[in-house]
$ cat run_33.pdb   # PDB, C-alpha atoms
MODEL        1
ATOM      1  CA  MET A  94     153.622   5.195 -74.954
ATOM      2  CA  THR A  95     150.597   7.098 -73.752
ATOM      3  CA  THR A  96     148.167   7.675 -76.589
ATOM      4  CA  PRO A  97     146.429  11.051 -76.964
ATOM      5  CA  SER A  98     143.036   9.489 -76.048
ATOM      6  CA  ARG A  99     144.410   8.067 -72.773
ATOM      7  CA  LEU A 100     146.235  11.222 -71.828
ATOM      8  CA  PRO A 101     143.325  13.201 -70.344
ATOM      9  CA  TRP A 102     142.354  10.268 -68.115
ATOM     10  CA  VAL A 103     145.819  10.064 -66.627
ATOM     11  CA  LEU A 104     145.769  13.789 -65.995
ATOM     12  CA  ARG A 105     142.243  13.669 -64.581
ATOM     13  CA  ILE A 106     143.362  10.995 -62.100
ATOM     14  CA  ALA A 107     146.301  13.254 -61.157
ATOM     15  CA  ILE A 108     143.889  16.153 -60.572
ATOM     16  CA  ILE A 109     141.614  13.990 -58.400
ATOM     17  CA  LEU A 110     144.611  12.805 -56.337
ATOM     18  CA  VAL A 111     145.736  16.404 -55.778
ATOM     19  CA  LEU A 112     142.149  17.303 -54.846
ATOM     20  CA  VAL A 113     142.146  14.615 -52.129
ATOM     21  CA  PHE A 114     145.588  15.813 -50.997
ATOM     22  CA  ASN A 115     144.239  19.366 -50.685
ATOM     23  CA  LEU A 116     141.205  18.276 -48.672
ATOM     24  CA  MET A 117     143.456  16.355 -46.266
ATOM     25  CA  ALA A 118     145.693  19.423 -45.954
ATOM     26  CA  LEU A 119     142.645  21.577 -45.215
ATOM     27  CA  ILE A 120     141.616  19.276 -42.349
ATOM     28  CA  VAL A 121     145.135  19.499 -40.857
ATOM     29  CA  LEU A 122     145.114  23.299 -41.171
ATOM     30  CA  ILE A 123     141.691  23.705 -39.571
ATOM     31  CA  ARG A 124     141.827  21.052 -36.819
ATOM     32  CA  GLU A 125     144.700  20.310 -34.435
ATOM     33  CA  ASN A 126     144.466  16.545 -34.575
ATOM     34  CA  PRO A 127     147.403  14.108 -34.597
ATOM     35  CA  ILE A 128     145.403  11.454 -36.483
ATOM     36  CA  ALA A 129     144.584  13.903 -39.306
ATOM     37  CA  PHE A 130     148.244  14.932 -39.475
ATOM     38  CA  THR A 131     149.418  11.299 -39.571
ATOM     39  CA  LEU A 132     146.958  10.559 -42.382
ATOM     40  CA  PHE A 133     148.205  13.603 -44.288
ATOM     41  CA  MET A 134     151.825  12.511 -43.847
ATOM     42  CA  PHE A 135     151.411   8.864 -44.800
ATOM     43  CA  LEU A 136     148.475   8.944 -47.207
ATOM     44  CA  GLY A 137     148.102  12.510 -48.496
ATOM     45  CA  GLN A 138     151.735  13.076 -49.434
ATOM     46  CA  PRO A 139     152.118   9.743 -51.285
ATOM     47  CA  LEU A 140     148.929  10.597 -53.228
ATOM     48  CA  PHE A 141     150.530  13.873 -54.270
ATOM     49  CA  ALA A 142     153.734  12.021 -55.234
ATOM     50  CA  VAL A 143     151.689   9.660 -57.454
ATOM     51  CA  ALA A 144     149.943  12.675 -59.028
ATOM     52  CA  LEU A 145     153.332  14.241 -59.810
ATOM     53  CA  ILE A 146     154.569  10.997 -61.405
ATOM     54  CA  LEU A 147     151.418  10.819 -63.545
ATOM     55  CA  LEU A 148     151.770  14.472 -64.573
ATOM     56  CA  PHE A 149     155.424  14.260 -65.542
ATOM     57  CA  GLY A 150     154.895  10.867 -67.203
ATOM     58  CA  ALA A 151     152.088  12.324 -69.314
ATOM     59  CA  LEU A 152     154.178  15.406 -70.102
ATOM     60  CA  ALA A 153     157.140  13.258 -71.200
ATOM     61  CA  ALA A 154     154.835  11.165 -73.379
ATOM     62  CA  GLU A 155     153.379  14.287 -74.953
ATOM     63  CA  LEU A 156     156.842  15.702 -75.678
ATOM     64  CA  ARG A 157     157.926  12.398 -77.218
ATOM     65  CA  ALA A 158     154.773  12.326 -79.379
ATOM     66  CA  ARG A 159     155.598  15.814 -80.644
ATOM     67  CA  ARG A 160     159.235  14.707 -81.198
ATOM     68  CA  ILE A 161     160.533  17.389 -78.856
ATOM     69  CA  LEU A 162     162.079  14.931 -76.386
TER
ATOM     70  CA  MET B 100     135.571  35.810  -1.487
ATOM     71  CA  ILE B 101     137.628  33.319  -3.476
ATOM     72  CA  LEU B 102     134.749  32.977  -5.916
ATOM     73  CA  ALA B 103     134.542  36.753  -6.297
ATOM     74  CA  ALA B 104     138.276  36.958  -6.943
ATOM     75  CA  GLY B 105     138.008  34.139  -9.484
ATOM     76  CA  ALA B 106     135.140  35.891 -11.266
ATOM     77  CA  ALA B 107     137.090  39.152 -11.352
ATOM     78  CA  ALA B 108     140.123  37.328 -12.740
ATOM     79  CA  GLY B 109     137.905  35.697 -15.367
ATOM     80  CA  GLU B 110     136.771  39.102 -16.606
ATOM     81  CA  LEU B 111     140.318  40.381 -16.880
ATOM     82  CA  SER B 112     142.433  39.608 -19.858
ATOM     83  CA  VAL B 113     146.081  40.191 -20.606
ATOM     84  CA  PRO B 114     146.414  43.269 -22.829
ATOM     85  CA  LEU B 115     147.826  42.621 -26.277
ATOM     86  CA  PRO B 116     150.834  44.583 -27.525
ATOM     87  CA  HIS B 117     150.193  47.753 -29.505
ATOM     88  CA  GLY B 118     149.543  46.993 -33.174
ATOM     89  CA  TRP B 119     148.719  43.297 -32.545
ATOM     90  CA  ILE B 120     148.109  41.496 -35.834
ATOM     91  CA  GLY B 121     148.042  37.881 -34.630
ATOM     92  CA  THR B 122     150.714  35.222 -34.259
ATOM     93  CA  THR B 123     152.962  33.787 -36.953
ATOM     94  CA  SER B 124     151.162  30.469 -36.543
ATOM     95  CA  GLN B 125     147.759  32.103 -37.167
ATOM     96  CA  TRP B 126     149.090  33.804 -40.279
ATOM     97  CA  MET B 127     150.610  30.566 -41.552
ATOM     98  CA  THR B 128     147.299  28.778 -41.017
ATOM     99  CA  GLY B 129     145.464  31.498 -42.949
ATOM    100  CA  PHE B 130     148.093  31.429 -45.682
ATOM    101  CA  GLY B 131     147.797  27.635 -45.908
ATOM    102  CA  ILE B 132     143.990  27.742 -46.157
ATOM    103  CA  GLY B 133     144.291  30.451 -48.826
ATOM    104  CA  LEU B 134     146.699  28.266 -50.810
ATOM    105  CA  VAL B 135     144.334  25.283 -50.574
ATOM    106  CA  VAL B 136     141.416  27.398 -51.857
ATOM    107  CA  LEU B 137     143.606  28.763 -54.661
ATOM    108  CA  ASN B 138     144.686  25.234 -55.569
ATOM    109  CA  LEU B 139     141.079  23.994 -55.661
ATOM    110  CA  ILE B 140     140.160  26.836 -58.050
ATOM    111  CA  LEU B 141     143.202  26.077 -60.233
ATOM    112  CA  LEU B 142     142.332  22.366 -60.322
ATOM    113  CA  LEU B 143     138.779  23.160 -61.438
ATOM    114  CA  PHE B 144     140.145  25.506 -64.084
ATOM    115  CA  ALA B 145     142.663  22.911 -65.335
ATOM    116  CA  TRP B 146     139.890  20.265 -65.457
ATOM    117  CA  TYR B 147     137.735  22.661 -67.501
ATOM    118  CA  ARG B 148     140.606  23.515 -69.877
ATOM    119  CA  MET B 149     141.310  19.812 -70.517
ATOM    120  CA  ARG B 150     137.926  19.279 -72.139
ATOM    121  CA  GLY B 151     139.418  19.928 -75.571
ATOM    122  CA  ALA B 152     140.940  16.972 -77.451
ATOM    123  CA  ASP B 153     144.380  18.557 -77.842
ATOM    124  CA  GLN B 154     146.447  19.741 -74.928
ATOM    125  CA  GLY B 155     148.166  22.932 -75.980
ATOM    126  CA  PRO B 156     151.121  24.504 -74.172
ATOM    127  CA  SER B 157     148.831  26.724 -72.066
ATOM    128  CA  VAL B 158     146.950  23.672 -70.685
ATOM    129  CA  TRP B 159     150.245  22.058 -69.688
ATOM    130  CA  GLY B 160     151.240  25.296 -68.015
ATOM    131  CA  TRP B 161     148.036  25.338 -65.967
ATOM    132  CA  LEU B 162     148.516  21.669 -65.087
ATOM    133  CA  LEU B 163     152.091  22.225 -63.932
ATOM    134  CA  VAL B 164     150.900  25.029 -61.648
ATOM    135  CA  ALA B 165     147.748  23.269 -60.354
ATOM    136  CA  VAL B 166     149.120  19.728 -59.962
ATOM    137  CA  GLY B 167     152.800  20.487 -59.397
ATOM    138  CA  LEU B 168     153.728  23.892 -58.030
ATOM    139  CA  VAL B 169     150.863  25.020 -55.755
ATOM    140  CA  PRO B 170     150.336  21.599 -54.078
ATOM    141  CA  LEU B 171     154.062  21.605 -53.285
ATOM    142  CA  MET B 172     153.551  24.887 -51.407
ATOM    143  CA  VAL B 173     150.397  23.508 -49.742
ATOM    144  CA  GLY B 174     152.374  20.442 -48.644
ATOM    145  CA  PHE B 175     155.201  22.494 -47.181
ATOM    146  CA  VAL B 176     152.917  24.855 -45.225
ATOM    147  CA  THR B 177     150.685  22.010 -43.995
ATOM    148  CA  PHE B 178     153.665  19.905 -42.948
ATOM    149  CA  SER B 179     155.225  22.723 -40.918
ATOM    150  CA  HIS B 180     151.853  23.687 -39.421
ATOM    151  CA  GLY B 181     151.033  20.067 -38.562
ATOM    152  CA  LEU B 182     154.436  19.501 -37.001
ATOM    153  CA  GLU B 183     154.035  22.644 -34.898
ATOM    154  CA  SER B 184     150.404  22.065 -33.882
ATOM    155  CA  SER B 185     150.991  18.413 -32.965
ATOM    156  CA  ALA B 186     153.032  19.691 -30.011
ATOM    157  CA  THR B 187     150.163  21.626 -28.398
ATOM    158  CA  VAL B 188     148.277  20.520 -25.281
ATOM    159  CA  SER B 189     144.994  20.453 -27.212
ATOM    160  CA  SER B 190     146.562  18.085 -29.741
ATOM    161  CA  CYS B 191     147.735  15.710 -26.992
ATOM    162  CA  GLY B 192     144.315  16.000 -25.341
ATOM    163  CA  SER B 193     142.455  15.122 -28.533
ATOM    164  CA  CYS B 194     142.865  11.415 -27.685
ATOM    165  CA  HIS B 195     140.440  10.531 -24.892
ATOM    166  CA  THR B 196     143.073   8.476 -23.045
ATOM    167  CA  MET B 197     144.818  11.760 -22.269
ATOM    168  CA  THR B 198     141.698  13.473 -20.880
ATOM    169  CA  PRO B 199     142.472  12.812 -17.158
ATOM    170  CA  PHE B 200     146.011  14.152 -17.607
ATOM    171  CA  VAL B 201     144.916  17.327 -19.411
ATOM    172  CA  ARG B 202     142.051  17.867 -16.945
ATOM    173  CA  ASP B 203     144.510  17.712 -14.041
ATOM    174  CA  LEU B 204     147.028  19.869 -15.901
ATOM    175  CA  THR B 205     144.538  22.709 -16.280
ATOM    176  CA  ASP B 206     143.075  22.330 -12.760
ATOM    177  CA  VAL B 207     144.306  25.313 -10.720
ATOM    178  CA  LYS B 208     143.564  23.433  -7.490
ATOM    179  CA  SER B 209     145.780  20.492  -8.405
ATOM    180  CA  ASP B 210     149.195  20.184  -6.755
ATOM    181  CA  THR B 211     150.727  17.671  -9.137
ATOM    182  CA  LEU B 212     154.046  18.614 -10.679
ATOM    183  CA  ALA B 213     152.539  19.002 -14.156
ATOM    184  CA  ALA B 214     149.691  21.232 -12.916
ATOM    185  CA  THR B 215     152.118  23.377 -10.889
ATOM    186  CA  HIS B 216     154.221  23.981 -13.996
ATOM    187  CA  PHE B 217     151.119  24.749 -16.058
ATOM    188  CA  LYS B 218     149.253  27.093 -13.718
ATOM    189  CA  ASN B 219     152.359  29.131 -12.879
ATOM    190  CA  ARG B 220     153.374  29.234 -16.554
ATOM    191  CA  TYR B 221     156.817  27.812 -15.757
ATOM    192  CA  ILE B 222     156.449  26.505 -19.294
ATOM    193  CA  ARG B 223     154.613  29.000 -21.480
ATOM    194  CA  GLU B 224     153.204  26.711 -24.172
ATOM    195  CA  ASN B 225     153.274  23.118 -25.466
ATOM    196  CA  GLN B 226     153.577  21.910 -21.875
ATOM    197  CA  CYS B 227     153.060  18.169 -22.604
ATOM    198  CA  TYR B 228     155.601  18.176 -25.400
ATOM    199  CA  SER B 229     158.168  20.296 -23.540
ATOM    200  CA  CYS B 230     158.359  17.824 -20.649
ATOM    201  CA  HIS B 231     157.988  14.628 -22.679
ATOM    202  CA  SER B 232     160.643  15.217 -25.332
ATOM    203  CA  ASP B 233     164.398  15.397 -24.993
ATOM    204  CA  TYR B 234     166.352  18.488 -25.973
ATOM    205  CA  GLY B 235     167.936  18.837 -29.388
ATOM    206  CA  LEU B 236     167.139  17.468 -32.838
ATOM    207  CA  GLY B 237     167.418  13.839 -31.717
ATOM    208  CA  GLY B 238     164.857  14.490 -28.994
ATOM    209  CA  THR B 239     162.418  15.994 -31.478
ATOM    210  CA  ILE B 240     162.794  13.071 -33.886
ATOM    211  CA  ARG B 241     162.371  10.504 -31.084
ATOM    212  CA  ALA B 242     159.305  12.372 -29.755
ATOM    213  CA  LYS B 243     157.693  12.445 -33.211
ATOM    214  CA  LEU B 244     158.371   8.732 -33.749
ATOM    215  CA  ALA B 245     156.943   7.983 -30.307
ATOM    216  CA  GLY B 246     153.895  10.109 -31.205
ATOM    217  CA  LEU B 247     153.451   8.037 -34.347
ATOM    218  CA  GLY B 248     153.454   4.920 -32.181
ATOM    219  CA  HIS B 249     150.849   6.517 -29.885
ATOM    220  CA  VAL B 250     148.562   7.285 -32.859
ATOM    221  CA  TRP B 251     148.945   3.710 -34.121
ATOM    222  CA  ARG B 252     148.183   2.136 -30.730
ATOM    223  CA  TYR B 253     145.280   4.530 -30.116
ATOM    224  CA  THR B 254     143.575   3.949 -33.474
ATOM    225  CA  THR B 255     144.094   0.168 -33.370
ATOM    226  CA  GLY B 256     143.164  -0.076 -29.684
ATOM    227  CA  ARG B 257     146.483  -1.723 -28.788
ATOM    228  CA  TYR B 258     146.978  -0.031 -25.444
ATOM    229  CA  THR B 259     146.282  -0.855 -21.832
ATOM    230  CA  VAL B 260     144.891   1.302 -19.062
ATOM    231  CA  PRO B 261     146.199   2.744 -16.837
ATOM    232  CA  ILE B 262     148.608   4.453 -19.230
ATOM    233  CA  THR B 263     152.222   4.201 -18.099
ATOM    234  CA  ILE B 264     155.319   6.063 -19.218
ATOM    235  CA  ALA B 265     157.433   4.015 -21.645
ATOM    236  CA  ALA B 266     160.749   4.604 -19.828
ATOM    237  CA  PRO B 267     161.754   6.103 -16.456
ATOM    238  CA  TYR B 268     161.544   9.889 -16.639
ATOM    239  CA  PRO B 269     165.116  11.225 -17.099
ATOM    240  CA  ASN B 270     166.488  14.074 -14.974
ATOM    241  CA  SER B 271     167.946  15.701 -18.094
ATOM    242  CA  ARG B 272     164.477  16.947 -19.068
ATOM    243  CA  CYS B 273     164.090  18.763 -15.730
ATOM    244  CA  LEU B 274     167.684  19.986 -15.737
ATOM    245  CA  GLY B 275     167.353  21.416 -19.234
ATOM    246  CA  CYS B 276     165.466  24.319 -17.613
ATOM    247  CA  HIS B 277     166.364  24.097 -13.909
ATOM    248  CA  GLY B 278     169.976  22.960 -14.251
ATOM    249  CA  GLU B 279     171.424  26.403 -14.883
ATOM    250  CA  SER B 280     168.999  28.351 -12.712
ATOM    251  CA  GLN B 281     170.764  30.169  -9.866
ATOM    252  CA  ARG B 282     167.831  29.483  -7.565
ATOM    253  CA  PHE B 283     168.250  25.766  -8.193
ATOM    254  CA  LEU B 284     172.050  25.731  -8.027
ATOM    255  CA  ASN B 285     172.144  27.705  -4.758
ATOM    256  CA  SER B 286     169.225  25.952  -3.129
ATOM    257  CA  PRO B 287     170.319  24.699   0.312
ATOM    258  CA  THR B 288     168.349  21.477  -0.130
ATOM    259  CA  LYS B 289     169.862  20.661  -3.517
ATOM    260  CA  LYS B 290     173.414  21.964  -3.256
ATOM    261  CA  ASP B 291     174.736  18.793  -1.589
ATOM    262  CA  MET B 292     172.985  16.427  -3.945
ATOM    263  CA  LEU B 293     173.777  18.198  -7.212
ATOM    264  CA  PRO B 294     176.256  15.523  -8.444
ATOM    265  CA  GLU B 295     173.668  12.795  -7.827
ATOM    266  CA  LEU B 296     170.965  14.787  -9.603
ATOM    267  CA  MET B 297     173.201  15.608 -12.549
ATOM    268  CA  SER B 298     174.289  11.981 -12.949
ATOM    269  CA  GLY B 299     170.750  10.714 -12.531
ATOM    270  CA  LYS B 300     171.572   8.552  -9.500
ATOM    271  CA  THR B 301     168.819  10.380  -7.636
ATOM    272  CA  ARG B 302     165.711  11.034  -9.662
ATOM    273  CA  CYS B 303     164.010  14.438  -9.454
ATOM    274  CA  LEU B 304     160.675  12.645  -9.228
ATOM    275  CA  ASP B 305     161.801  10.756  -6.108
ATOM    276  CA  CYS B 306     161.021  13.956  -4.189
ATOM    277  CA  HIS B 307     158.758  15.859  -6.568
ATOM    278  CA  ALA B 308     156.173  13.193  -7.417
ATOM    279  CA  PRO B 309     153.440  12.816  -8.409
ATOM    280  CA  ALA B 310     153.852  14.371 -11.832
ATOM    281  CA  HIS B 311     150.306  13.390 -12.804
ATOM    282  CA  PRO B 312     147.267  12.175 -10.862
ATOM    283  CA  GLU B 313     146.870   8.500 -10.146
ATOM    284  CA  GLN B 314     144.741   6.890 -12.826
ATOM    285  CA  LYS B 315     141.746   4.727 -12.163
ATOM    286  CA  LYS B 316     141.876   1.303 -13.727
ATOM    287  CA  GLU B 317     138.794   2.033 -15.766
ATOM    288  CA  ALA B 318     137.369   0.411 -18.850
ATOM    289  CA  ARG B 319     138.157   1.941 -22.230
ATOM    290  CA  LEU B 320     135.645   4.449 -23.464
TER
ENDMDL
END
$ encode --input "run_33.pdb" --output "structure tokens"
Amino acid sequence: MTTPSRLPWVLRIAIILVLVFNLMALIVLIRENPIAFTLFMFLGQPLFAVALILLFGALAAELRARRIL
Amino acid sequence: MILAAGAAAGELSVPLPHGWIGTTSQWMTGFGIGLVVLNLILLLFAWYRMRGADQGPSVWGWLLVAVGLVPLMVGFVTFSHGLESSATVSSCGSCHTMTPFVRDLTDVKSDTLAATHFKNRYIRENQCYSCHSDYGLGGTIRAKLAGLGHVWRYTTGRYTVPITIAAPYPNSRCLGCHGESQRFLNSPTKKDMLPELMSGKTRCLDCHAPAHPEQKKEARL
């Protein structure tokens, strides 16, 4: 189970992953470049998926710790 | 005289419709950039709010919005924009191997089939993609997968020059536009050979080549 002291680190990693995802999205939106789009599709989106898993994992752990789940 | 006419044409521009506010694509791009900026602000805010030892319900709410909800919207807008913009001529021309093709395409003096279609606006936009993808959903999927292969070969250098088409160019791509045109169907030169053209026994390019200029066997740049 995720301990309260580890929790912020997991969430901070999730935030950093979403930050990278956003920067990749910004490049795709500004420049018409197939390489940037391919990178966004096959690197950016999996990073976002990992961030979501971390977020919901941390949330589930928090709910279990508070005996809500 | 030709130069003068060209200069005059260069100064002219097609008038925009009354109340022009941009294209849907431009608005989607702006909306997407706005969402990214909003998400960056929310991420900073969530990071700041997490400094406390205990994560209260409001922090989780901010995190769900900043890490879950808004990025989902960013992803959707970016995906649709990327899919759309990867079909443009400028996107195809962004790889240097395509430079001779795009240069010929936009050359008003060129008589190749591609340039003729481009300069007369027989195809209004996304000219490369329109001619190099089949019609229907299957055609789009195959074109995108082929594009993925092109990106892979380009970035890893696994290609040879001169560039060649992967498979013989099918008549169905020409007939998708021309096939139901009355001018085409009633053309005295084509009327007799319509069955052969429709079945693909005679290729359109047998008479209408070259589609693109001949490439020089040059070293990779």
$ atom_distance --input "run_33.pdb" --atom1 "CA of Asn225 (chain B)" --atom2 "CA of Val201 (chain B)"
11.8 Å
$ residues_around --input "run_33.pdb" --residues "Val111 (chain A)" --least-positions-apart "5" --cutoff "12 Å" --atoms "only C-alpha atoms" --output "number ranges by chain"
A: 104-106, 116-118, 136-148; B: 135, 138-139, 141-143, 145-146, 162-171, 173-174
$ residues_around --input "run_33.pdb" --residues "region 301-312 of chain B" --least-positions-apart "2" --cutoff "8 Å" --atoms "only C-alpha atoms" --output "number ranges by chain"
B: 199-200, 203-204, 211-214, 268-270, 273, 295-296, 298-299, 314
$ atom_distance --input "run_33.pdb" --atom1 "CA of Glu110 (chain B)" --atom2 "CA of Lys218 (chain B)"
17.6 Å
$ resolve_selection --input "run_33.pdb" --expression "the ChimeraX specification (/B :<7) & /A" --output "ChimeraX atom specification"
/A:101,108,111-112,115,118-119,121-122,125-128,130,145
$ atom_distance --input "run_33.pdb" --atom1 "CA of Tyr147 (chain B)" --atom2 "CA of Trp102 (chain A)"
13.2 Å
$ residues_around --input "run_33.pdb" --residues "Lys315 (chain B)" --least-positions-apart "4" --cutoff "12 Å" --atoms "all atoms listed in the file" --output "CSV table (one decimal) with C-alpha atoms, keeping the file's coordinate frame"
chain,number,residue,atom,x,y,z
B,196,THR,CA,143.1,8.5,-23.0
B,199,PRO,CA,142.5,12.8,-17.2
B,200,PHE,CA,146.0,14.2,-17.6
B,260,VAL,CA,144.9,1.3,-19.1
B,261,PRO,CA,146.2,2.7,-16.8
B,262,ILE,CA,148.6,4.5,-19.2
B,319,ARG,CA,138.2,1.9,-22.2
$ residues_near_point --input "run_33.pdb" --point "(155.3, 17.2, -71.7)" --cutoff "10 Å" --atoms "all atoms listed in the file" --output "mmCIF file with C-alpha atoms, keeping the file's coordinate frame"
data_model
loop_
_atom_site.group_PDB
_atom_site.id
_atom_site.type_symbol
_atom_site.label_atom_id
_atom_site.label_comp_id
_atom_site.auth_asym_id
_atom_site.auth_seq_id
_atom_site.Cartn_x
_atom_site.Cartn_y
_atom_site.Cartn_z
ATOM 1 C CA LEU A 148 151.770 14.472 -64.573
ATOM 2 C CA PHE A 149 155.424 14.260 -65.542
ATOM 3 C CA GLY A 150 154.895 10.867 -67.203
ATOM 4 C CA ALA A 151 152.088 12.324 -69.314
ATOM 5 C CA LEU A 152 154.178 15.406 -70.102
ATOM 6 C CA ALA A 153 157.140 13.258 -71.200
ATOM 7 C CA ALA A 154 154.835 11.165 -73.379
ATOM 8 C CA GLU A 155 153.379 14.287 -74.953
ATOM 9 C CA LEU A 156 156.842 15.702 -75.678
ATOM 10 C CA ARG A 157 157.926 12.398 -77.218
ATOM 11 C CA ALA A 158 154.773 12.326 -79.379
ATOM 12 C CA ARG A 159 155.598 15.814 -80.644
ATOM 13 C CA ILE A 161 160.533 17.389 -78.856
ATOM 14 C CA LEU A 162 162.079 14.931 -76.386
ATOM 15 C CA GLN B 154 146.447 19.741 -74.928
ATOM 16 C CA PRO B 156 151.121 24.504 -74.172
ATOM 17 C CA TRP B 159 150.245 22.058 -69.688
ATOM 18 C CA GLY B 160 151.240 25.296 -68.015
ATOM 19 C CA LEU B 163 152.091 22.225 -63.932
#
$ resolve_selection --input "run_33.pdb" --expression "the PyMOL selection byres ((chain B and resi 242) around 12)" --output "list in words"
Leu182, Ser185, Ala186, Cys227, Tyr228, Ser229, Cys230, His231, Ser232, Asp233, Tyr234, Gly235, Leu236, Gly237, Gly238, Thr239, Ile240, Arg241, Lys243, Leu244, Ala245, Gly246, Leu247, Gly248, His249 and Ala265 of chain B
$ closest_residue --input "run_33.pdb" --among "B:Ser124, B:His117, B:Arg272, B:Glu224" --to "Ser179 (chain B)" --atoms "only C-alpha atoms"
B:Ser124
$ decode --input "run_33.pdb" --residues "region 203-218 of chain B" --atoms "N, CA, C and O atoms" --output "PDB file, in the first residue's frame"
ATOM      1  N   ASP B 203       8.188  20.507 -57.677  1.00  0.00           N
ATOM      2  CA  ASP B 203       7.546  20.336 -58.988  1.00  0.00           C
ATOM      3  C   ASP B 203       6.039  20.574 -58.896  1.00  0.00           C
ATOM      4  O   ASP B 203       5.450  21.201 -59.771  1.00  0.00           O
ATOM      5  N   LEU B 204       5.453  20.106 -57.812  1.00  0.00           N
ATOM      6  CA  LEU B 204       4.000  20.249 -57.621  1.00  0.00           C
ATOM      7  C   LEU B 204       3.578  21.712 -57.658  1.00  0.00           C
ATOM      8  O   LEU B 204       2.565  22.069 -58.255  1.00  0.00           O
ATOM      9  N   THR B 205       4.380  22.562 -57.048  1.00  0.00           N
ATOM     10  CA  THR B 205       4.017  23.980 -56.928  1.00  0.00           C
ATOM     11  C   THR B 205       4.606  24.834 -58.062  1.00  0.00           C
ATOM     12  O   THR B 205       4.440  26.053 -58.043  1.00  0.00           O
ATOM     13  N   ASP B 206       5.275  24.181 -59.024  1.00  0.00           N
ATOM     14  CA  ASP B 206       5.865  24.902 -60.154  1.00  0.00           C
ATOM     15  C   ASP B 206       4.801  25.093 -61.250  1.00  0.00           C
ATOM     16  O   ASP B 206       4.365  24.116 -61.873  1.00  0.00           O
ATOM     17  N   VAL B 207       4.392  26.326 -61.469  1.00  0.00           N
ATOM     18  CA  VAL B 207       3.319  26.580 -62.450  1.00  0.00           C
ATOM     19  C   VAL B 207       3.751  26.261 -63.881  1.00  0.00           C
ATOM     20  O   VAL B 207       2.906  26.087 -64.766  1.00  0.00           O
ATOM     21  N   LYS B 208       5.058  26.179 -64.110  1.00  0.00           N
ATOM     22  CA  LYS B 208       5.539  25.867 -65.463  1.00  0.00           C
ATOM     23  C   LYS B 208       5.631  24.363 -65.714  1.00  0.00           C
ATOM     24  O   LYS B 208       5.847  23.938 -66.843  1.00  0.00           O
ATOM     25  N   SER B 209       5.488  23.574 -64.687  1.00  0.00           N
ATOM     26  CA  SER B 209       5.611  22.126 -64.832  1.00  0.00           C
ATOM     27  C   SER B 209       4.361  21.540 -65.487  1.00  0.00           C
ATOM     28  O   SER B 209       3.244  21.989 -65.228  1.00  0.00           O
ATOM     29  N   ASP B 210       4.582  20.514 -66.331  1.00  0.00           N
ATOM     30  CA  ASP B 210       3.459  19.858 -67.001  1.00  0.00           C
ATOM     31  C   ASP B 210       3.203  18.450 -66.474  1.00  0.00           C
ATOM     32  O   ASP B 210       2.465  17.688 -67.099  1.00  0.00           O
ATOM     33  N   THR B 211       3.830  18.099 -65.370  1.00  0.00           N
ATOM     34  CA  THR B 211       3.567  16.760 -64.825  1.00  0.00           C
ATOM     35  C   THR B 211       2.114  16.684 -64.350  1.00  0.00           C
ATOM     36  O   THR B 211       1.480  17.710 -64.103  1.00  0.00           O
ATOM     37  N   LEU B 212       1.643  15.462 -64.231  1.00  0.00           N
ATOM     38  CA  LEU B 212       0.235  15.257 -63.865  1.00  0.00           C
ATOM     39  C   LEU B 212      -0.083  15.865 -62.490  1.00  0.00           C
ATOM     40  O   LEU B 212      -1.126  16.506 -62.311  1.00  0.00           O
ATOM     41  N   ALA B 213       0.854  15.692 -61.551  1.00  0.00           N
ATOM     42  CA  ALA B 213       0.634  16.229 -60.204  1.00  0.00           C
ATOM     43  C   ALA B 213       0.565  17.756 -60.230  1.00  0.00           C
ATOM     44  O   ALA B 213      -0.324  18.353 -59.623  1.00  0.00           O
ATOM     45  N   ALA B 214       1.509  18.384 -60.965  1.00  0.00           N
ATOM     46  CA  ALA B 214       1.540  19.850 -61.032  1.00  0.00           C
ATOM     47  C   ALA B 214       0.293  20.392 -61.733  1.00  0.00           C
ATOM     48  O   ALA B 214      -0.237  21.436 -61.343  1.00  0.00           O
ATOM     49  N   THR B 215      -0.174  19.689 -62.769  1.00  0.00           N
ATOM     50  CA  THR B 215      -1.378  20.125 -63.484  1.00  0.00           C
ATOM     51  C   THR B 215      -2.585  20.123 -62.549  1.00  0.00           C
ATOM     52  O   THR B 215      -3.391  21.053 -62.557  1.00  0.00           O
ATOM     53  N   HIS B 216      -2.685  19.073 -61.737  1.00  0.00           N
ATOM     54  CA  HIS B 216      -3.795  19.005 -60.775  1.00  0.00           C
ATOM     55  C   HIS B 216      -3.677  20.101 -59.726  1.00  0.00           C
ATOM     56  O   HIS B 216      -4.677  20.658 -59.288  1.00  0.00           O
ATOM     57  N   PHE B 217      -2.443  20.407 -59.324  1.00  0.00           N
ATOM     58  CA  PHE B 217      -2.232  21.395 -58.264  1.00  0.00           C
ATOM     59  C   PHE B 217      -2.506  22.810 -58.761  1.00  0.00           C
ATOM     60  O   PHE B 217      -3.264  23.564 -58.147  1.00  0.00           O
ATOM     61  N   LYS B 218      -1.879  23.168 -59.900  1.00  0.00           N
ATOM     62  CA  LYS B 218      -1.985  24.570 -60.339  1.00  0.00           C
ATOM     63  C   LYS B 218      -3.385  24.938 -60.818  1.00  0.00           C
ATOM     64  O   LYS B 218      -3.764  26.102 -60.771  1.00  0.00           O
TER      65      LYS B 218
END
